[in-house]
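Student: Just final02.pdb, nothing more (PDB, C-alpha atoms):
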MODEL        1
ATOM      1  CA  MET Q   1     -19.622 -19.954 -22.397
ATOM      2  CA  LYS Q   2     -18.395 -19.717 -18.801
ATOM      3  CA  SER Q   3     -14.737 -19.415 -19.855
ATOM      4  CA  LEU Q   4     -15.589 -16.780 -22.446
ATOM      5  CA  ALA Q   5     -17.536 -14.780 -19.877
ATOM      6  CA  LEU Q   6     -14.657 -14.997 -17.428
ATOM      7  CA  MET Q   7     -12.180 -13.837 -20.066
ATOM      8  CA  LEU Q   8     -14.422 -10.947 -21.069
ATOM      9  CA  ALA Q   9     -15.039  -9.906 -17.476
ATOM     10  CA  LEU Q  10     -11.311 -10.066 -16.695
ATOM     11  CA  ALA Q  11     -10.467  -7.930 -19.713
ATOM     12  CA  LEU Q  12     -13.108  -5.369 -18.779
ATOM     13  CA  GLN Q  13     -11.902  -5.146 -15.177
ATOM     14  CA  LEU Q  14      -8.218  -4.866 -16.067
ATOM     15  CA  THR Q  15      -8.900  -2.066 -18.556
ATOM     16  CA  GLY Q  16     -11.100  -0.189 -16.089
ATOM     17  CA  LEU Q  17     -14.208  -0.526 -18.262
ATOM     18  CA  TRP Q  18     -16.074  -2.894 -15.925
ATOM     19  CA  ALA Q  19     -17.164  -0.111 -13.575
ATOM     20  CA  HIS Q  20     -18.681   1.834 -16.488
ATOM     21  CA  LEU Q  21     -20.971  -1.001 -17.618
ATOM     22  CA  PRO Q  22     -24.664  -0.878 -16.633
ATOM     23  CA  ALA Q  23     -25.397  -2.938 -13.547
ATOM     24  CA  SER Q  24     -27.635  -5.250 -15.579
ATOM     25  CA  THR Q  25     -24.800  -5.999 -18.009
ATOM     26  CA  ARG Q  26     -22.327  -6.683 -15.187
ATOM     27  CA  GLN Q  27     -24.828  -9.022 -13.571
ATOM     28  CA  HIS Q  28     -25.460 -10.838 -16.861
ATOM     29  CA  LEU Q  29     -21.735 -11.437 -17.387
ATOM     30  CA  ALA Q  30     -21.338 -12.527 -13.779
ATOM     31  CA  ASN Q  31     -24.212 -15.008 -14.121
ATOM     32  CA  GLN Q  32     -22.582 -16.479 -17.220
ATOM     33  CA  ALA Q  33     -19.232 -16.640 -15.446
ATOM     34  CA  VAL Q  34     -20.657 -18.673 -12.555
ATOM     35  CA  GLY Q  35     -22.836 -20.909 -14.748
ATOM     36  CA  SER Q  36     -22.987 -24.685 -14.311
ATOM     37  CA  PRO Q  37     -19.778 -26.507 -15.199
ATOM     38  CA  PRO Q  38     -19.727 -28.808 -18.229
ATOM     39  CA  ALA Q  39     -20.730 -32.437 -17.735
ATOM     40  CA  ALA Q  40     -17.198 -33.657 -18.420
ATOM     41  CA  ALA Q  41     -14.164 -31.504 -17.831
ATOM     42  CA  ALA Q  42     -11.393 -31.586 -20.388
ATOM     43  CA  PRO Q  43      -8.343 -33.566 -19.223
ATOM     44  CA  ALA Q  44      -5.531 -31.475 -17.815
ATOM     45  CA  THR Q  45      -2.385 -31.107 -19.868
ATOM     46  CA  THR Q  46       1.079 -29.967 -18.932
ATOM     47  CA  SER Q  47       0.751 -27.029 -21.332
ATOM     48  CA  ALA Q  48      -2.520 -25.749 -19.848
ATOM     49  CA  ILE Q  49      -2.523 -22.078 -18.840
ATOM     50  CA  ILE Q  50      -3.799 -21.424 -15.326
ATOM     51  CA  SER Q  51      -5.569 -18.078 -15.152
ATOM     52  CA  PRO Q  52      -5.688 -16.095 -11.911
ATOM     53  CA  ALA Q  53      -8.973 -15.986 -10.049
ATOM     54  CA  LEU Q  54     -11.009 -13.000 -11.190
ATOM     55  CA  PRO Q  55     -12.868 -10.783  -8.710
ATOM     56  CA  ILE Q  56     -16.458 -10.423  -9.918
ATOM     57  CA  HIS Q  57     -18.834  -7.845  -8.456
ATOM     58  CA  LEU Q  58     -21.956  -9.899  -7.782
ATOM     59  CA  GLY Q  59     -23.536  -7.901  -4.984
ATOM     60  CA  THR Q  60     -25.965  -5.015  -5.332
ATOM     61  CA  GLU Q  61     -25.305  -3.379  -1.976
ATOM     62  CA  PRO Q  62     -24.393   0.310  -2.437
ATOM     63  CA  PHE Q  63     -21.244   1.684  -0.841
ATOM     64  CA  ALA Q  64     -20.850   5.383  -0.126
ATOM     65  CA  PRO Q  65     -17.822   6.353   1.978
ATOM     66  CA  ASP Q  66     -17.245   9.899   3.185
ATOM     67  CA  PRO Q  67     -17.312  11.919  -0.070
ATOM     68  CA  HIS Q  68     -14.317  13.983   1.050
ATOM     69  CA  THR Q  69     -11.956  10.996   1.269
ATOM     70  CA  SER Q  70     -10.000   9.299  -1.491
ATOM     71  CA  VAL Q  71     -10.669   5.563  -1.486
ATOM     72  CA  LEU Q  72      -9.303   2.753  -3.622
ATOM     73  CA  ALA Q  73      -9.326  -1.032  -3.449
ATOM     74  CA  LEU Q  74      -7.399  -3.358  -5.786
ATOM     75  CA  ASP Q  75      -7.187  -7.099  -6.157
ATOM     76  CA  ARG Q  76      -3.493  -7.714  -5.566
ATOM     77  CA  THR Q  77      -3.157 -10.613  -8.007
ATOM     78  CA  THR Q  78      -4.796  -9.040 -11.067
ATOM     79  CA  ALA Q  79      -4.603  -5.336 -10.077
ATOM     80  CA  ALA Q  80      -8.311  -5.182 -10.943
ATOM     81  CA  PRO Q  81     -10.081  -2.218  -9.269
ATOM     82  CA  LEU Q  82     -12.745  -3.221  -6.749
ATOM     83  CA  PHE Q  83     -13.773   0.288  -5.685
ATOM     84  CA  ALA Q  84     -12.603   3.831  -6.379
ATOM     85  CA  GLN Q  85     -13.631   7.265  -5.135
ATOM     86  CA  ASN Q  86     -11.586  10.443  -5.766
ATOM     87  CA  ALA Q  87      -8.775   8.047  -6.702
ATOM     88  CA  THR Q  88      -7.070  10.514  -9.074
ATOM     89  CA  LYS Q  89      -7.166  13.474  -6.680
ATOM     90  CA  GLN Q  90      -3.691  14.653  -5.668
ATOM     91  CA  ARG Q  91      -3.419  15.182  -1.923
ATOM     92  CA  PRO Q  92      -0.827  15.136   0.881
ATOM     93  CA  ILE Q  93      -0.167  11.655   2.248
ATOM     94  CA  ALA Q  94       1.959  12.320   5.358
ATOM     95  CA  SER Q  95       4.002   9.280   6.477
ATOM     96  CA  VAL Q  96       2.632   7.020   3.759
ATOM     97  CA  THR Q  97       5.558   8.705   1.984
ATOM     98  CA  LYS Q  98       7.855   6.259   3.808
ATOM     99  CA  MET Q  99       6.471   3.419   1.718
ATOM    100  CA  ILE Q 100       8.064   5.049  -1.327
ATOM    101  CA  THR Q 101      11.196   6.046   0.618
ATOM    102  CA  THR Q 102      11.959   2.496   1.702
ATOM    103  CA  LEU Q 103      11.107   1.025  -1.692
ATOM    104  CA  VAL Q 104      13.601   3.394  -3.330
ATOM    105  CA  ILE Q 105      16.248   2.658  -0.684
ATOM    106  CA  LEU Q 106      15.961  -1.103  -1.148
ATOM    107  CA  SER Q 107      16.195  -0.699  -4.917
ATOM    108  CA  ARG Q 108      19.617   0.923  -4.391
ATOM    109  CA  HIS Q 109      21.031  -0.740  -1.253
ATOM    110  CA  SER Q 110      21.202  -4.018   0.660
ATOM    111  CA  PRO Q 111      19.549  -4.513   4.081
ATOM    112  CA  THR Q 112      22.896  -5.751   5.423
ATOM    113  CA  GLU Q 113      24.752  -2.466   4.819
ATOM    114  CA  LEU Q 114      25.899  -0.567   7.899
ATOM    115  CA  VAL Q 115      24.666   3.006   8.235
ATOM    116  CA  THR Q 116      26.163   5.586  10.582
ATOM    117  CA  ILE Q 117      23.655   8.142  11.790
ATOM    118  CA  ALA Q 118      24.382  11.641  10.478
ATOM    119  CA  LYS Q 119      23.245  14.925  11.985
ATOM    120  CA  LEU Q 120      19.450  14.883  11.870
ATOM    121  CA  PRO Q 121      16.801  17.638  11.721
ATOM    122  CA  ALA Q 122      15.215  18.851  14.933
ATOM    123  CA  TYR Q 123      11.976  17.005  15.744
ATOM    124  CA  THR Q 124       9.099  18.042  17.986
ATOM    125  CA  SER Q 125       7.643  15.861  20.712
ATOM    126  CA  ASP Q 126       4.700  15.077  18.399
ATOM    127  CA  ASP Q 127       6.913  13.723  15.614
ATOM    128  CA  ASP Q 128       7.305   9.948  15.579
ATOM    129  CA  THR Q 129      10.945   9.021  16.156
ATOM    130  CA  ILE Q 130      12.736   5.964  17.472
ATOM    131  CA  GLY Q 131      15.600   7.833  19.118
ATOM    132  CA  LEU Q 132      18.537   7.523  16.731
ATOM    133  CA  GLN Q 133      21.637   9.409  17.798
ATOM    134  CA  PRO Q 134      24.329  10.829  15.488
ATOM    135  CA  GLY Q 135      27.414   8.662  15.360
ATOM    136  CA  GLU Q 136      25.612   5.391  16.075
ATOM    137  CA  THR Q 137      25.715   2.624  13.477
ATOM    138  CA  TYR Q 138      22.857   0.303  12.536
ATOM    139  CA  ARG Q 139      22.049  -2.108   9.762
ATOM    140  CA  LEU Q 140      20.178  -0.499   6.888
ATOM    141  CA  GLY Q 141      17.456  -3.151   7.075
ATOM    142  CA  ASP Q 142      16.740  -2.231  10.694
ATOM    143  CA  LEU Q 143      16.348   1.419   9.726
ATOM    144  CA  VAL Q 144      13.900   0.405   6.988
ATOM    145  CA  ARG Q 145      11.919  -1.526   9.577
ATOM    146  CA  ALA Q 146      11.937   1.495  11.897
ATOM    147  CA  ALA Q 147      10.640   3.724   9.113
ATOM    148  CA  LEU Q 148       7.819   1.334   8.199
ATOM    149  CA  ILE Q 149       6.654  -0.178  11.497
ATOM    150  CA  PRO Q 150       6.615   2.710  14.036
ATOM    151  CA  SER Q 151       6.898   5.293  11.212
ATOM    152  CA  ALA Q 152      10.114   6.745  12.622
ATOM    153  CA  ASN Q 153      10.913  10.040  10.917
ATOM    154  CA  ASP Q 154      14.525   9.940  12.097
ATOM    155  CA  ALA Q 155      14.945   6.555  10.391
ATOM    156  CA  ALA Q 156      13.514   7.837   7.084
ATOM    157  CA  ASP Q 157      15.727  10.928   7.161
ATOM    158  CA  THR Q 158      18.790   8.835   8.044
ATOM    159  CA  LEU Q 159      18.205   6.567   5.056
ATOM    160  CA  ALA Q 160      17.848   9.576   2.753
ATOM    161  CA  LEU Q 161      21.024  11.191   4.053
ATOM    162  CA  TYR Q 162      22.931   7.909   3.725
ATOM    163  CA  ASP Q 163      21.806   7.504   0.113
ATOM    164  CA  SER Q 164      22.026  11.047  -1.250
ATOM    165  CA  GLY Q 165      23.696  13.303   1.299
ATOM    166  CA  SER Q 166      20.589  15.465   1.761
ATOM    167  CA  THR Q 167      16.846  14.890   2.025
ATOM    168  CA  THR Q 168      16.250  17.217  -0.937
ATOM    169  CA  LYS Q 169      18.556  15.247  -3.211
ATOM    170  CA  PHE Q 170      16.951  12.005  -2.096
ATOM    171  CA  ALA Q 171      13.460  13.361  -2.837
ATOM    172  CA  ALA Q 172      14.690  13.993  -6.375
ATOM    173  CA  GLN Q 173      15.696  10.334  -6.568
ATOM    174  CA  MET Q 174      12.212   9.342  -5.380
ATOM    175  CA  ASN Q 175      10.638  11.314  -8.211
ATOM    176  CA  LEU Q 176      13.041   9.839 -10.759
ATOM    177  CA  LYS Q 177      12.208   6.314  -9.590
ATOM    178  CA  LEU Q 178       8.475   6.960  -9.848
ATOM    179  CA  ALA Q 179       8.963   8.150 -13.417
ATOM    180  CA  ALA Q 180      11.044   5.061 -14.230
ATOM    181  CA  TRP Q 181       8.300   2.847 -12.800
ATOM    182  CA  GLY Q 182       5.688   4.648 -14.905
ATOM    183  CA  ILE Q 183       3.788   5.956 -11.872
ATOM    184  CA  THR Q 184       2.189   9.385 -12.298
ATOM    185  CA  GLY Q 185       0.128  11.552  -9.953
ATOM    186  CA  ALA Q 186       2.732  11.718  -7.196
ATOM    187  CA  HIS Q 187       5.583  14.045  -6.232
ATOM    188  CA  PHE Q 188       7.886  14.187  -3.225
ATOM    189  CA  THR Q 189       9.994  16.860  -1.557
ATOM    190  CA  ASN Q 190      11.071  14.934   1.549
ATOM    191  CA  PRO Q 191      11.472  11.287   2.633
ATOM    192  CA  SER Q 192       9.418  11.344   5.838
ATOM    193  CA  GLY Q 193       6.147  13.046   4.907
ATOM    194  CA  LEU Q 194       6.407  15.444   7.834
ATOM    195  CA  GLN Q 195       6.333  18.387   5.436
ATOM    196  CA  ASP Q 196       3.250  18.433   3.232
ATOM    197  CA  THR Q 197       4.273  21.171   0.785
ATOM    198  CA  GLY Q 198       5.111  19.573  -2.560
ATOM    199  CA  ASN Q 199       4.597  16.113  -1.088
ATOM    200  CA  TYR Q 200       1.486  14.496  -2.575
ATOM    201  CA  ALA Q 201       0.065  11.472  -4.336
ATOM    202  CA  THR Q 202      -3.196  10.093  -5.650
ATOM    203  CA  ALA Q 203      -4.800   6.959  -4.268
ATOM    204  CA  GLU Q 204      -4.308   5.449  -7.707
ATOM    205  CA  ALA Q 205      -0.557   6.127  -7.590
ATOM    206  CA  LEU Q 206      -0.290   4.658  -4.088
ATOM    207  CA  GLY Q 207      -2.087   1.510  -5.206
ATOM    208  CA  LYS Q 208       0.584   1.011  -7.859
ATOM    209  CA  VAL Q 209       3.372   1.730  -5.367
ATOM    210  CA  ALA Q 210       1.872  -0.795  -2.961
ATOM    211  CA  LEU Q 211       1.832  -3.470  -5.669
ATOM    212  CA  LEU Q 212       5.543  -2.808  -6.280
ATOM    213  CA  ALA Q 213       6.426  -2.645  -2.583
ATOM    214  CA  LEU Q 214       4.809  -6.007  -1.859
ATOM    215  CA  GLN Q 215       6.967  -7.608  -4.539
ATOM    216  CA  ASN Q 216       9.946  -6.832  -2.304
ATOM    217  CA  PRO Q 217      10.188  -9.715   0.212
ATOM    218  CA  PHE Q 218      11.852  -7.546   2.853
ATOM    219  CA  ILE Q 219       9.083  -4.934   2.774
ATOM    220  CA  ALA Q 220       6.305  -7.540   2.565
ATOM    221  CA  GLN Q 221       7.628  -9.274   5.685
ATOM    222  CA  THR Q 222       8.326  -6.039   7.553
ATOM    223  CA  VAL Q 223       4.919  -4.388   7.196
ATOM    224  CA  ARG Q 224       3.145  -7.337   8.799
ATOM    225  CA  GLN Q 225       5.138  -7.025  12.043
ATOM    226  CA  SER Q 226       3.481  -5.432  15.068
ATOM    227  CA  SER Q 227       6.747  -4.300  16.658
ATOM    228  CA  VAL Q 228      10.435  -3.820  15.958
ATOM    229  CA  SER Q 229      13.547  -4.230  18.067
ATOM    230  CA  PHE Q 230      17.138  -3.840  16.918
ATOM    231  CA  THR Q 231      20.579  -3.050  18.294
ATOM    232  CA  SER Q 232      23.365  -0.693  17.237
ATOM    233  CA  THR Q 233      26.891  -1.964  16.683
ATOM    234  CA  ALA Q 234      27.717  -0.461  20.090
ATOM    235  CA  GLY Q 235      24.991  -2.479  21.794
ATOM    236  CA  ARG Q 236      22.136   0.035  22.291
ATOM    237  CA  THR Q 237      18.739  -1.555  21.653
ATOM    238  CA  LEU Q 238      15.742   0.359  20.321
ATOM    239  CA  THR Q 239      12.161  -0.964  20.434
ATOM    240  CA  ALA Q 240       8.864   0.403  19.104
ATOM    241  CA  THR Q 241       5.378  -0.769  18.143
ATOM    242  CA  SER Q 242       3.495  -0.469  14.868
ATOM    243  CA  THR Q 243       1.207   2.450  14.052
ATOM    244  CA  ASN Q 244      -1.070   0.035  12.153
ATOM    245  CA  ASP Q 245      -3.919  -0.830  14.536
ATOM    246  CA  LEU Q 246      -5.526  -3.218  12.035
ATOM    247  CA  LEU Q 247      -2.690  -5.743  12.357
ATOM    248  CA  ALA Q 248      -4.362  -6.876  15.572
ATOM    249  CA  THR Q 249      -7.448  -8.079  13.664
ATOM    250  CA  GLY Q 250      -5.534 -10.917  12.016
ATOM    251  CA  GLN Q 251      -7.042  -9.951   8.652
ATOM    252  CA  PHE Q 252      -4.550  -7.216   7.736
ATOM    253  CA  TYR Q 253      -0.872  -7.638   6.853
ATOM    254  CA  GLY Q 254       0.319  -4.058   6.239
ATOM    255  CA  ILE Q 255       1.090  -1.622   4.883
ATOM    256  CA  LYS Q 256       1.594   2.013   5.984
ATOM    257  CA  THR Q 257      -0.113   4.727   8.010
ATOM    258  CA  GLY Q 258       0.207   8.495   7.824
ATOM    259  CA  TYR Q 259      -1.125  11.588   9.541
ATOM    260  CA  THR Q 260      -0.592  15.325   9.454
ATOM    261  CA  LEU Q 261      -3.147  18.062   9.971
ATOM    262  CA  ALA Q 262      -3.133  18.847   6.244
ATOM    263  CA  ALA Q 263      -3.245  15.216   5.077
ATOM    264  CA  GLY Q 264      -5.738  13.916   7.620
ATOM    265  CA  GLU Q 265      -5.657  10.242   8.489
ATOM    266  CA  CYS Q 266      -4.131   8.121   5.713
ATOM    267  CA  PHE Q 267      -3.703   4.380   5.380
ATOM    268  CA  VAL Q 268      -2.581   1.936   2.716
ATOM    269  CA  GLY Q 269      -3.641  -1.545   3.772
ATOM    270  CA  LEU Q 270      -3.273  -5.176   2.757
ATOM    271  CA  ALA Q 271      -6.208  -7.400   3.711
ATOM    272  CA  HIS Q 272      -6.666 -11.134   3.277
ATOM    273  CA  LEU Q 273     -10.175 -12.035   2.065
ATOM    274  CA  ASP Q 274     -11.287 -15.622   1.474
ATOM    275  CA  GLY Q 275      -7.875 -16.626   0.190
ATOM    276  CA  HIS Q 276      -7.256 -13.434  -1.786
ATOM    277  CA  ASP Q 277      -5.244 -10.285  -1.051
ATOM    278  CA  VAL Q 278      -6.816  -6.843  -1.401
ATOM    279  CA  ILE Q 279      -4.858  -3.574  -1.350
ATOM    280  CA  THR Q 280      -6.771  -0.644   0.134
ATOM    281  CA  VAL Q 281      -6.034   3.085   0.132
ATOM    282  CA  VAL Q 282      -7.829   5.659   2.292
ATOM    283  CA  LEU Q 283      -6.629   9.288   2.232
ATOM    284  CA  GLY Q 284      -7.907  12.420   3.973
ATOM    285  CA  SER Q 285      -9.987  10.437   6.445
ATOM    286  CA  SER Q 286     -11.173  11.181   9.952
ATOM    287  CA  ASP Q 287     -11.278   7.434  10.716
ATOM    288  CA  ARG Q 288      -8.799   5.613   8.483
ATOM    289  CA  PHE Q 289      -9.044   2.242  10.194
ATOM    290  CA  GLY Q 290     -12.833   2.298  10.512
ATOM    291  CA  GLU Q 291     -13.285   3.320   6.877
ATOM    292  CA  THR Q 292     -10.816   0.671   5.728
ATOM    293  CA  GLN Q 293     -12.564  -2.059   7.700
ATOM    294  CA  THR Q 294     -15.950  -0.971   6.315
ATOM    295  CA  LEU Q 295     -14.536  -1.047   2.770
ATOM    296  CA  VAL Q 296     -13.107  -4.538   3.214
ATOM    297  CA  ASN Q 297     -16.333  -5.844   4.756
ATOM    298  CA  TRP Q 298     -18.305  -4.448   1.789
ATOM    299  CA  ILE Q 299     -15.930  -6.135  -0.674
ATOM    300  CA  LYS Q 300     -16.320  -9.434   1.153
ATOM    301  CA  ARG Q 301     -20.115  -9.239   0.856
ATOM    302  CA  ASN Q 302     -20.224  -8.076  -2.745
ATOM    303  CA  TYR Q 303     -17.328  -9.776  -4.564
ATOM    304  CA  GLN Q 304     -16.511 -13.354  -5.462
ATOM    305  CA  TRP Q 305     -13.267 -14.656  -6.937
ATOM    306  CA  LEU Q 306     -13.960 -17.050  -9.802
TER     307      LEU Q 306
ENDMDL
END
Kindly return the structure encoded in the file as structure tokens.

Tutor:
Amino acid sequence: MKSLALMLALALQLTGLWAHLPASTRQHLANQAVGSPPAAAAPATTSAIISPALPIHLGTEPFAPDPHTSVLALDRTTAAPLFAQNATKQRPIASVTKMITTLVILSRHSPTELVTIAKLPAYTSDDDTIGLQPGETYRLGDLVRAALIPSANDAADTLALYDSGSTTKFAAQMNLKLAAWGITGAHFTNPSGLQDTGNYATAEALGKVALLALQNPFIAQTVRQSSVSFTSTAGRTLTATSTNDLLATGQFYGIKTGYTLAAGECFVGLAHLDGHDVITVVLGSSDRFGETQTLVNWIKRNYQWL
């Protein structure tokens, strides 16, 4: 009975139907799933199928984030939704855009390629940059790290120009890649996220992008770093720190921040909970890190992986 309940609960969560069941029904299935084990376990065989641990919502504690924000949490292993609010609302995402930019770049180029900095747009003092200068040459992987860790707009634009010759043409490639990956609810007009017009995504779309991005070993390793330092072929070294304050907690391992006045505070996170990874998305927030930490704490109190 326990295995049947687990299989049913997994199917319901993966199809999105779990959240629509009455609380009493969810609790009944959860109770069956965590029932007493049989007196004698069947012997293991080499052909046995090992199922991933399933997140089961056992708690009854309500969770009500700011109703104006978009919030999503996914179990990384099964992609099962743990919480969703306004998850299909399209909204600007600011520098979270760079998560898609770097994923597209690494699907088309190698981190070891050498990139010469082209003429870049003019940036204001409020725009995050790492100080790239036209004519310098850096490894592509270092520019990806600069775009993801300190959210350097000049690094994102450089990568786009290197790939497509213009930021507009590269944005078209971003949209084509999203379509090829089957991800809807997002559209991009620039690689940095500095311009909000025509640049938007849903929390649901970003959850899917995050799942893809974390499958790339280079991105997965990069987004957990608290700082970056690299050197041009001419010997000039650039250093910057991460915009992700939650890395300091030791519980978070990525992924990408974003902020513009129109987008508000945005954050796509990766948290480690009791041996399991949870992807979080918070968009349009006034306290992205606080809301993310509250979400993760609620999941920890109300979910078990069985």

Student: Could you pull the residues within 9 Å of Phe218 of chain Q, counting all atoms listed in the file, minus those fewer than 6 positions along the same chain, as a PyMOL selection string?

Tutor: chain Q and resi 106+111+141

Student: Please list as a ChimeraX atom specification every residue within 8 Å of segment 144-159 of chain Q, counting all atoms listed in the file and excluding residues in the same chain fewer than 2 positions away.

Tutor: /Q:95,98-99,101-102,105,117-118,120,127-132,140-142,161-163,167,191-192,194,222-223,225-228,240-244,256-257

Student: For a test of reading the model, state the distance in Å between atom CA of Gly264 of chain Q and atom CA of Pro92 of chain Q, rounded to one decimal.

Tutor: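 Distance reported for this atom pair: 8.4 Å.
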
Student: On this structure, which residues satisfy the PyMOL selection byres ((chain Q and resi 280-291) around 9), written as number ranges by chain?

Tutor: Q: 65-66, 68-74, 87, 91-93, 202-204, 206-207, 244-246, 257-259, 262-271, 278-279, 292-296

Student: Give as a PDB file with C-alpha atoms, in the frame of the given file each residue that has an atom at most 10 Å from (23.8, -2.2, 6.0) in the file, counting only C-alpha atoms.

Tutor:
ATOM      1  CA  HIS Q 109      21.031  -0.740  -1.253  1.00  0.00           C
ATOM      2  CA  SER Q 110      21.202  -4.018   0.660  1.00  0.00           C
ATOM      3  CA  PRO Q 111      19.549  -4.513   4.081  1.00  0.00           C
ATOM      4  CA  THR Q 112      22.896  -5.751   5.423  1.00  0.00           C
ATOM      5  CA  GLU Q 113      24.752  -2.466   4.819  1.00  0.00           C
ATOM      6  CA  LEU Q 114      25.899  -0.567   7.899  1.00  0.00           C
ATOM      7  CA  VAL Q 115      24.666   3.006   8.235  1.00  0.00           C
ATOM      8  CA  THR Q 116      26.163   5.586  10.582  1.00  0.00           C
ATOM      9  CA  THR Q 137      25.715   2.624  13.477  1.00  0.00           C
ATOM     10  CA  TYR Q 138      22.857   0.303  12.536  1.00  0.00           C
ATOM     11  CA  ARG Q 139      22.049  -2.108   9.762  1.00  0.00           C
ATOM     12  CA  LEU Q 140      20.178  -0.499   6.888  1.00  0.00           C
ATOM     13  CA  GLY Q 141      17.456  -3.151   7.075  1.00  0.00           C
ATOM     14  CA  ASP Q 142      16.740  -2.231  10.694  1.00  0.00           C
ATOM     15  CA  LEU Q 143      16.348   1.419   9.726  1.00  0.00           C
TER      16      LEU Q 143
END

Student: In terms of the shortest atom-to-atom distance over all atoms listed in the file, which of Q:Asn190, Q:Thr184, Q:Thr249, Q:Thr237 is closest to Gln133 of chain Q?

Tutor: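 Of all the options, Q:Thr237 lies closest to Gln133 of chain Q.
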
Student: Near Arg76 of chain Q, counting only C-alpha atoms, which residues have an atom at most 8 Å away, once you skip same-chain residues fewer than 3 positions from it, shown as a list in words?

Tutor: Ala79, Ala80, Leu211, His276, Asp277, Val278 and Ile279 of chain Q

Student: Determine the residue set returned by the PyMOL selection byres ((chain Q and resi 61) around 9) for the present structure, and present it as a list in words.

Tutor: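 That selection, the PyMOL selection byres ((chain Q and resi 61) around 9), comes back as Gly59, Thr60, Pro62, Phe63, Trp298, Arg301 and Asn302 of chain Q.
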
Student: In Å, how far is it from atom CA of Asn86 of chain Q to atom CA of Val209 of chain Q?

Tutor: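 Rounded to one decimal, the two atoms are 17.3 Å apart.
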
Student: Expanded to explicit residues, what is the PyMOL selection byres ((chain Q and resi 305) around 10) for this file, as JSON, numbers by chain?

Tutor: {"Q": [52, 53, 54, 55, 56, 57, 58, 75, 273, 274, 275, 276, 303, 304, 306]}

Student: Could you save those same residues with C-alpha atoms as a tab-separated table (two decimals), keeping the file's coordinate frame?

Tutor:
chain	number	residue	atom	x	y	z
Q	52	PRO	CA	-5.69	-16.10	-11.91
Q	53	ALA	CA	-8.97	-15.99	-10.05
Q	54	LEU	CA	-11.01	-13.00	-11.19
Q	55	PRO	CA	-12.87	-10.78	-8.71
Q	56	ILE	CA	-16.46	-10.42	-9.92
Q	57	HIS	CA	-18.83	-7.84	-8.46
Q	58	LEU	CA	-21.96	-9.90	-7.78
Q	75	ASP	CA	-7.19	-7.10	-6.16
Q	273	LEU	CA	-10.18	-12.04	2.06
Q	274	ASP	CA	-11.29	-15.62	1.47
Q	275	GLY	CA	-7.88	-16.63	0.19
Q	276	HIS	CA	-7.26	-13.43	-1.79
Q	303	TYR	CA	-17.33	-9.78	-4.56
Q	304	GLN	CA	-16.51	-13.35	-5.46
Q	306	LEU	CA	-13.96	-17.05	-9.80

Student: Can you measure atom CA of Thr189 of chain Q to atom CA of Asn216 of chain Q for me? One decimal in Å is fine.

Tutor: 23.7 Å

Student: Draw an axis-aligned box over all listed atoms of segment 210-216 of chain Q, pad each side with 5 Å, and write its centre and edge lengths in Å, one decimal, as AutoDock Vina command-line options.

Tutor:
--center_x 5.9 --center_y -4.2 --center_z -4.1 --size_x 18.1 --size_y 16.8 --size_z 14.4

Student: Here is a test: counting all atoms listed in the file, which residue of Q:Arg224, Q:Arg236, Q:His187, Q:His272 is nearest to Ile100 of chain Q?

Tutor: Q:His187

Student: Nearest to Ser107 of chain Q among Q:Leu238, Q:Ala205, Q:Leu178, Q:Ala248, with distances taken over only C-alpha atoms: which residue is it?

Tutor: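 Among the listed residues, Q:Leu178 lies closest to Ser107 of chain Q.
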
Student: Is there a way to complete segment 219-225 of chain Q with N, CA, C and O atoms and then write that out as a tab-separated table (two decimals), in the frame of the given file?

Tutor:
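What follows is the written file out16.tsv:
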chain	number	residue	atom	x	y	z
Q	219	ILE	N	10.18	-5.83	2.41
Q	219	ILE	CA	9.08	-4.93	2.77
Q	219	ILE	C	7.84	-5.74	3.13
Q	219	ILE	O	7.17	-5.45	4.13
Q	220	ALA	N	7.51	-6.74	2.31
Q	220	ALA	CA	6.30	-7.54	2.56
Q	220	ALA	C	6.34	-8.19	3.94
Q	220	ALA	O	5.31	-8.26	4.64
Q	221	GLN	N	7.50	-8.66	4.36
Q	221	GLN	CA	7.63	-9.27	5.68
Q	221	GLN	C	7.61	-8.22	6.78
Q	221	GLN	O	7.03	-8.43	7.84
Q	222	THR	N	8.23	-7.08	6.53
Q	222	THR	CA	8.33	-6.04	7.55
Q	222	THR	C	6.97	-5.46	7.91
Q	222	THR	O	6.65	-5.29	9.10
Q	223	VAL	N	6.15	-5.13	6.92
Q	223	VAL	CA	4.92	-4.39	7.20
Q	223	VAL	C	3.88	-5.22	7.94
Q	223	VAL	O	2.87	-4.67	8.42
Q	224	ARG	N	4.09	-6.51	8.06
Q	224	ARG	CA	3.14	-7.34	8.80
Q	224	ARG	C	3.54	-7.50	10.27
Q	224	ARG	O	2.82	-8.15	11.04
Q	225	GLN	N	4.66	-6.89	10.67
Q	225	GLN	CA	5.14	-7.02	12.04
Q	225	GLN	C	4.53	-5.95	12.95
Q	225	GLN	O	4.44	-4.79	12.57
